[in-house]
Amino acid sequence: MTVDAVKVSGLSKRYGLHRALASVDMEMGPGVCALLGANGAGKSTLLGIVSSIVRPSAGKVEYLSQGKALRGGPGLRKQIGVLAHESFLYSGLSALENLYFWGRLYQVEDMQERSVSLLKTVGLDEKAWTREAGTYSRGMVQRLALARTMLHEPSLLLLDEPFTGLDRTGAQALAQALQEAVTRKAVILVITHDLESIADITTHVAVLRRGAIAHETRSAGYSFAELKDLYHAHSE
């Protein structure tokens with residue numbers, strides 16, 4: 001069972017008197033969808049609801065496989081990889097121990113080989129692999145969190161500002177990892193202000209403004225200049 005499409009219908013969310021989302025409709029398929037918008041537009045709330053971490057006030061999210069809706073539960077959760085503001089790492093465990101912990105939960109095969117390969121992919125210094133994560137810099141935590149997110153090869157990747165804390169080498173490594181996920185037809189939703197890093201791999205753009213979809217298009221690919229123009233034209 002894999003997720004090959006996500007359909008969002010009439011999604012709304014209120015926090016008290018504050019309206020974070022207002023009847024959002026959108027559908028995502030394989031490839032990279034860039035979710036753009038100014039701070040406070042509702043991007044993280046939308047990603048949180050799609051990840052099932054946040055409960056909507058109204059509307060629904062459907063996870064589809066070959067046109068059929070998937071039921072919730074452990075099987076579906078295994079298909080979702082989430083990178084949010086919370087790293088979901090244990091500070092008292094090393095990088096390898098963190099990945100082994102999550103790998104056992106997701107029943108990852110060849111866990112040691114997979115963990116080592118991912119730590120190299122995200123560019124975490126090998127000297128840090130056996131150090132406690134609580135001693136890491138912000139960028140190192142981000143790299144390990146990315147490895148955790150991709151460990152079980154989820155078919156639905158939800159990434160909230162994944163390039164934060166990464167240097168240019170790390171950003172390039174992440175972009176390459178996303179391209180590999182695209183090759184295996186993963187559905188990828190990315191919130192980022194680093195438009196240069198997702199240029200050329202993005203095929204779907206949705207812009208949120210004050211909790212509503214202000215613009216949505218699909219293309220064979222978007223250049224950095226095109227993404228920047230769309231952001232400025234529709235988010236402000």
# chains A, B, ... in the order shown; residues from 1 in each chain; ligands from 1
$ residues_around --residues "Ala212 of chain A" --least-positions-apart "6" --cutoff "9 Å" --atoms "only C-alpha atoms" --output "list in words"
Ala20, Leu21, Ala22, Ser23, Val24, Asp25, Ala41 and Gly42 of chain A
$ residues_around --residues "segment 153-166 of chain A" --least-positions-apart "4" --cutoff "8 Å" --atoms "only C-alpha atoms" --output "PyMOL selection string"
chain A and resi 2-4+44+47+51+78-85+138-140+142-143+146+149+170-171+174+185-194
$ closest_residue --among "A:Leu35, A:Leu89, A:Val207, A:Leu105" --to "Pro74 of chain A" --atoms "only C-alpha atoms"
A:Leu105
$ residues_around --residues "Val61 of chain A" --least-positions-apart "5" --cutoff "8 Å" --atoms "only C-alpha atoms" --output "list in words"
Val6, Lys7, Val8, Ser9, Leu11, Ile49 and Val50 of chain A
$ atom_distance --atom1 "atom CA of Leu93 of chain A" --atom2 "atom CA of Ser137 of chain A"
14.8 Å
$ select_by_dssp --residues "segment 55-176 of chain A" --states "alpha helix (DSSP H)" --output "ChimeraX atom specification"
/A:74-77,95-105,111-121,138-150,168-176
$ select_by_dssp --residues "segment 4-141 of chain A" --states "strand (DSSP E or B)" --output "VMD selection string"
chain A and resid 5 to 15 18 to 28 31 to 36 58 to 65 68 to 69 80 to 83 94 132
$ residues_around --residues "Ala95 of chain A" --least-positions-apart "4" --cutoff "12 Å" --atoms "only C-alpha atoms" --output "PyMOL selection string"
chain A and resi 89-91+99-102+112+115-116+118-120+122+124-136+140-148
$ closest_residue --among "A:Gly75, A:Leu208, A:Leu96, A:Ser57" --to "Met26 of chain A" --atoms "only C-alpha atoms"
A:Leu208
$ closest_residue --among "A:Arg210, A:Asn39, A:Ser94, A:Ala69" --to "Lys13 of chain A" --atoms "only C-alpha atoms"
A:Arg210
